[in-house]
Amino acid sequence: MQLPIESLNLLMLNVGYANHNGDWNWQNVSSPFARIYYVTEGNAQIIIEQANSSQKTIITLKPNHLYMIPAYTVHSYQCDSVFSHYYLHVYEGFKKETDIFEYYNFPYEVNAESGELDLFALLLNEYPDFSLPASDPKSYDNTTVFTDYVRRYNDLDLFQKMKIRGLILIFFSHFLKFASKKVWISDDRLLKVLDYIHSHIYDEINLDTLSDKACVTKPYLIRIFKKNFSISPLQYINNKKIEKAQLILITEDLPVKEVAYKLGFNDHSYFIRLFKKLTGRTPLEYRDTMR
């Protein structure tokens, strides 16, 4: 099974070109959008925190290579010399479907292909107002600015959105060329389970329903789920609900209690504890940081 291209609801939030000289150093960045970089000069590093692990992946950014950091990936930047790059921020939109990163293991780095500089130049030339006001994520990765960027894209004419989507798909295709399908993708039982989770993320989801969808017993579902995802179904559900909560907190002004209820949590105190456990901050602290 392959992810249908038409299900990719890709929005361009930012595109631009940045020059640095030892000043591209930001810590513990995590955003609801993916980042794509094309390095033209110098070197820098991105340190990625591995989910459910204390291990880190260190990526050295170098010229004539493309890099992609998926949404909600906790990472830091390190740069101590000259470093220049194009950047493209892509948001998959307000949707419930499983996203492309659920289906494939993408490489963080690929060799740049001929013509990609022209694609960046084209986007930057046609949409100069989409460049960032500053490189510090705190200046643009916050409630007000994020909402403005989404609204800005949605206000574009249809032909502009179509053209942008096509260019973004070209960039994604270069990473997809070297991506590998996740093991579970051939298991219809897990496909049904994940489809149900993502289409009912705002509801209370229980194991009885999931095991019925997969036509297996609850113990067996837990066993095959852990084997393929390294976490239990409940942990997966909680991770996805907290990801959605982060998006709601920076795009809506709902009280924390209402955010919890909206995502199917009957106990908002439990929601707050879970949010802090998975993000290191309470919902209010997260919202205040992102404003």
# chains A, B, ... in the order shown; residues from 1 in each chain; ligands from 1

call {"tool": "select_by_dssp", "arguments": {"residues": "range 57-244 of chain A", "states": "alpha helix (DSSP H)", "output": "ChimeraX atom specification"}}
result
/A:100-103,116-126,143-154,158-176,188-199,207-214,218-229,233-244

call {"tool": "closest_atom_pairs", "arguments": {"of": "range 205-270 of chain A", "to": "range 38-52 of chain A", "cutoff": "12 Å", "atoms": "only C-alpha atoms", "output": "CSV"}}
result
residue,atom,partner,partner_atom,distance
A:Phe229,CA,A:Asn52,CA,11.0
A:Ser230,CA,A:Asn52,CA,9.0
A:Ile231,CA,A:Asn52,CA,8.6
A:Ser232,CA,A:Asn52,CA,11.9
A:Gln235,CA,A:Asn52,CA,10.4
A:Tyr236,CA,A:Asn52,CA,11.1
A:Asn239,CA,A:Ala51,CA,10.2

call {"tool": "write_last_selection", "arguments": {"atoms": "all heavy atoms", "output": "tab-separated table (two decimals), in the first residue's frame"}}
result
chain	number	residue	atom	x	y	z
A	229	PHE	N	6.06	-0.73	16.27
A	229	PHE	CA	6.21	0.69	16.60
A	229	PHE	C	7.06	0.95	17.84
A	229	PHE	O	7.33	2.10	18.18
A	229	PHE	CB	4.83	1.33	16.80
A	229	PHE	CG	3.99	1.33	15.56
A	229	PHE	CD1	3.01	0.36	15.39
A	229	PHE	CD2	4.18	2.26	14.57
A	229	PHE	CE1	2.23	0.34	14.25
A	229	PHE	CE2	3.40	2.26	13.43
A	229	PHE	CZ	2.42	1.29	13.26
A	230	SER	N	7.44	-0.12	18.52
A	230	SER	CA	8.28	-0.03	19.73
A	230	SER	C	7.58	0.66	20.90
A	230	SER	O	8.21	0.96	21.91
A	230	SER	CB	9.60	0.70	19.43
A	230	SER	OG	10.32	0.03	18.44
A	231	ILE	N	6.29	0.94	20.78
A	231	ILE	CA	5.49	1.48	21.87
A	231	ILE	C	4.12	0.81	21.83
A	231	ILE	O	3.74	0.21	20.82
A	231	ILE	CB	5.33	3.01	21.79
A	231	ILE	CG1	4.74	3.42	20.44
A	231	ILE	CG2	6.65	3.72	22.02
A	231	ILE	CD1	4.45	4.91	20.33
A	232	SER	N	3.38	0.93	22.91
A	232	SER	CA	2.05	0.33	22.97
A	232	SER	C	1.04	1.18	22.21
A	232	SER	O	1.30	2.36	21.92
A	232	SER	CB	1.61	0.20	24.43
A	232	SER	OG	1.34	1.49	24.97
A	235	GLN	N	0.31	4.34	24.18
A	235	GLN	CA	1.38	5.35	24.09
A	235	GLN	C	1.33	6.07	22.75
A	235	GLN	O	1.53	7.29	22.69
A	235	GLN	CB	2.75	4.67	24.29
A	235	GLN	CG	3.03	4.22	25.71
A	235	GLN	CD	4.32	3.42	25.80
A	235	GLN	OE1	4.55	2.49	25.03
A	235	GLN	NE2	5.17	3.78	26.76
A	236	TYR	N	1.07	5.33	21.69
A	236	TYR	CA	0.98	5.93	20.36
A	236	TYR	C	-0.17	6.93	20.32
A	236	TYR	O	-0.02	8.06	19.82
A	236	TYR	CB	0.77	4.85	19.30
A	236	TYR	CG	0.70	5.38	17.89
A	236	TYR	CD1	1.85	5.53	17.12
A	236	TYR	CD2	-0.53	5.76	17.34
A	236	TYR	CE1	1.79	6.03	15.83
A	236	TYR	CE2	-0.59	6.26	16.05
A	236	TYR	CZ	0.56	6.39	15.30
A	236	TYR	OH	0.48	6.90	14.03
A	239	ASN	N	0.72	10.03	22.25
A	239	ASN	CA	1.69	10.86	21.51
A	239	ASN	C	0.98	11.69	20.44
A	239	ASN	O	1.26	12.90	20.28
A	239	ASN	CB	2.75	9.98	20.84
A	239	ASN	CG	3.75	9.41	21.83
A	239	ASN	OD1	3.85	9.89	22.96
A	239	ASN	ND2	4.47	8.38	21.42

call {"tool": "residues_around", "arguments": {"residues": "range 248-254 of chain A", "least_positions_apart": "4", "cutoff": "8 Å", "atoms": "only C-alpha atoms", "output": "list in words"}}
result
Asn142, Thr143, Thr144, Phe146, Thr147, Lys244, Glu258, Val259, Pro283, Tyr286, Arg287, Met290 and Arg291 of chain A

call {"tool": "closest_residue", "arguments": {"among": "A:Phe172, A:Tyr77, A:Tyr202, A:Tyr37", "to": "Gly16 in chain A", "atoms": "only C-alpha atoms"}}
result
A:Tyr37

call {"tool": "residues_around", "arguments": {"residues": "Leu66 in chain A", "least_positions_apart": "4", "cutoff": "12 Å", "atoms": "only C-alpha atoms", "output": "PyMOL selection string"}}
result
chain A and resi 35-40+59-62+85-88+107-114+116-117+120+171-175

call {"tool": "select_by_dssp", "arguments": {"residues": "range 9-208 of chain A", "states": "strand (DSSP E or B)", "output": "VMD selection string"}}
result
chain A and resid 11 to 21 29 34 to 42 44 to 49 56 to 61 65 to 69 75 to 78 82 to 91 104 to 105 109 to 111 180 to 181

call {"tool": "closest_residue", "arguments": {"among": "A:Pro63, A:Lys138, A:Ile224, A:Lys262", "to": "Asp288 in chain A", "atoms": "only C-alpha atoms"}}
result
A:Lys138

call {"tool": "closest_residue", "arguments": {"among": "A:Ser180, A:Lys163, A:Gln78, A:Lys240", "to": "Ser199 in chain A", "atoms": "only C-alpha atoms"}}
result
A:Lys240

call {"tool": "atom_distance", "arguments": {"atom1": "CA of Ile168 in chain A", "atom2": "CA of Asp129 in chain A"}}
result
17.6 Å

call {"tool": "residues_around", "arguments": {"residues": "range 149-155 of chain A", "least_positions_apart": "2", "cutoff": "8 Å", "atoms": "only C-alpha atoms", "output": "VMD selection string"}}
result
chain A and resid 11 to 14 145 to 147 157 161

call {"tool": "atom_distance", "arguments": {"atom1": "CA of Asn28 in chain A", "atom2": "CA of Asn238 in chain A"}}
result
20.9 Å

call {"tool": "atom_distance", "arguments": {"atom1": "CA of Phe275 in chain A", "atom2": "CA of Ser31 in chain A"}}
result
15.4 Å

call {"tool": "residues_around", "arguments": {"residues": "range 263-274 of chain A", "least_positions_apart": "2", "cutoff": "8 Å", "atoms": "only C-alpha atoms", "output": "VMD selection string"}}
result
chain A and resid 201 to 205 238 241 245 256 to 257 259 to 261 276 to 278 282 to 283

call {"tool": "decode", "arguments": {"residues": "range 104-115 of chain A", "atoms": "all heavy atoms", "output": "compact mmCIF listing (two decimals), in the first residue's frame"}}
result
# COMPACT_ATOMS: atom_id res chain seq x y z
N TYR A 104 6.62 6.09 5.72
CA TYR A 104 7.99 5.90 5.25
C TYR A 104 9.02 6.37 6.27
O TYR A 104 8.78 7.31 7.03
CB TYR A 104 8.22 6.68 3.95
CG TYR A 104 7.41 6.21 2.78
CD1 TYR A 104 6.16 6.76 2.51
CD2 TYR A 104 7.88 5.22 1.93
CE1 TYR A 104 5.40 6.33 1.43
CE2 TYR A 104 7.13 4.78 0.84
CZ TYR A 104 5.89 5.34 0.60
OH TYR A 104 5.15 4.91 -0.47
N ASN A 105 10.17 5.70 6.27
CA ASN A 105 11.34 6.18 7.00
C ASN A 105 12.16 7.04 6.04
O ASN A 105 12.74 6.53 5.08
CB ASN A 105 12.19 4.99 7.48
CG ASN A 105 11.49 4.17 8.54
OD1 ASN A 105 11.04 4.68 9.55
ND2 ASN A 105 11.39 2.85 8.30
N PHE A 106 12.14 8.34 6.27
CA PHE A 106 12.83 9.26 5.37
C PHE A 106 14.26 9.50 5.83
O PHE A 106 14.52 9.59 7.03
CB PHE A 106 12.11 10.61 5.34
CG PHE A 106 10.91 10.65 4.44
CD1 PHE A 106 9.67 10.25 4.91
CD2 PHE A 106 11.03 11.07 3.13
CE1 PHE A 106 8.56 10.29 4.08
CE2 PHE A 106 9.92 11.10 2.29
CZ PHE A 106 8.68 10.72 2.77
N PRO A 107 15.18 9.65 4.89
CA PRO A 107 16.54 10.07 5.27
C PRO A 107 16.51 11.55 5.63
O PRO A 107 15.68 12.31 5.12
CB PRO A 107 17.34 9.82 3.99
CG PRO A 107 16.35 10.01 2.89
CD PRO A 107 15.04 9.46 3.42
N TYR A 108 17.40 11.96 6.52
CA TYR A 108 17.51 13.37 6.85
C TYR A 108 18.27 14.13 5.76
O TYR A 108 18.08 15.32 5.58
CB TYR A 108 18.24 13.56 8.18
CG TYR A 108 17.49 13.05 9.39
CD1 TYR A 108 18.01 12.03 10.19
CD2 TYR A 108 16.27 13.60 9.74
CE1 TYR A 108 17.33 11.56 11.29
CE2 TYR A 108 15.57 13.13 10.86
CZ TYR A 108 16.11 12.11 11.63
OH TYR A 108 15.43 11.65 12.74
N GLU A 109 19.13 13.39 5.03
CA GLU A 109 20.02 14.03 4.06
C GLU A 109 19.98 13.30 2.73
O GLU A 109 19.96 12.07 2.68
CB GLU A 109 21.45 14.03 4.60
CG GLU A 109 22.50 14.54 3.63
CD GLU A 109 23.92 14.29 4.13
OE1 GLU A 109 24.36 13.11 4.09
OE2 GLU A 109 24.55 15.26 4.57
N VAL A 110 19.97 14.07 1.62
CA VAL A 110 20.13 13.51 0.28
C VAL A 110 21.00 14.47 -0.53
O VAL A 110 21.06 15.67 -0.23
CB VAL A 110 18.78 13.30 -0.44
CG1 VAL A 110 17.93 12.28 0.27
CG2 VAL A 110 18.03 14.63 -0.60
N ASN A 111 21.65 13.95 -1.55
CA ASN A 111 22.40 14.82 -2.45
C ASN A 111 21.44 15.69 -3.23
O ASN A 111 20.38 15.23 -3.67
CB ASN A 111 23.24 13.98 -3.43
CG ASN A 111 24.39 13.28 -2.76
OD1 ASN A 111 24.97 13.79 -1.82
ND2 ASN A 111 24.71 12.08 -3.24
N ALA A 112 21.80 16.94 -3.40
CA ALA A 112 20.96 17.84 -4.19
C ALA A 112 21.00 17.43 -5.66
O ALA A 112 22.01 16.96 -6.15
CB ALA A 112 21.45 19.28 -4.03
N GLU A 113 19.88 17.59 -6.33
CA GLU A 113 19.79 17.25 -7.75
C GLU A 113 19.80 18.52 -8.59
O GLU A 113 19.50 19.62 -8.12
CB GLU A 113 18.53 16.44 -8.01
CG GLU A 113 18.53 15.08 -7.33
CD GLU A 113 17.36 14.21 -7.76
OE1 GLU A 113 16.65 14.60 -8.72
OE2 GLU A 113 17.15 13.15 -7.15
N SER A 114 20.13 18.36 -9.84
CA SER A 114 20.19 19.48 -10.77
C SER A 114 18.84 20.17 -10.85
O SER A 114 17.80 19.52 -10.98
CB SER A 114 20.62 18.99 -12.15
OG SER A 114 20.57 20.03 -13.09
N GLY A 115 18.86 21.48 -10.75
CA GLY A 115 17.63 22.25 -10.89
C GLY A 115 16.98 22.67 -9.60
O GLY A 115 16.08 23.52 -9.60
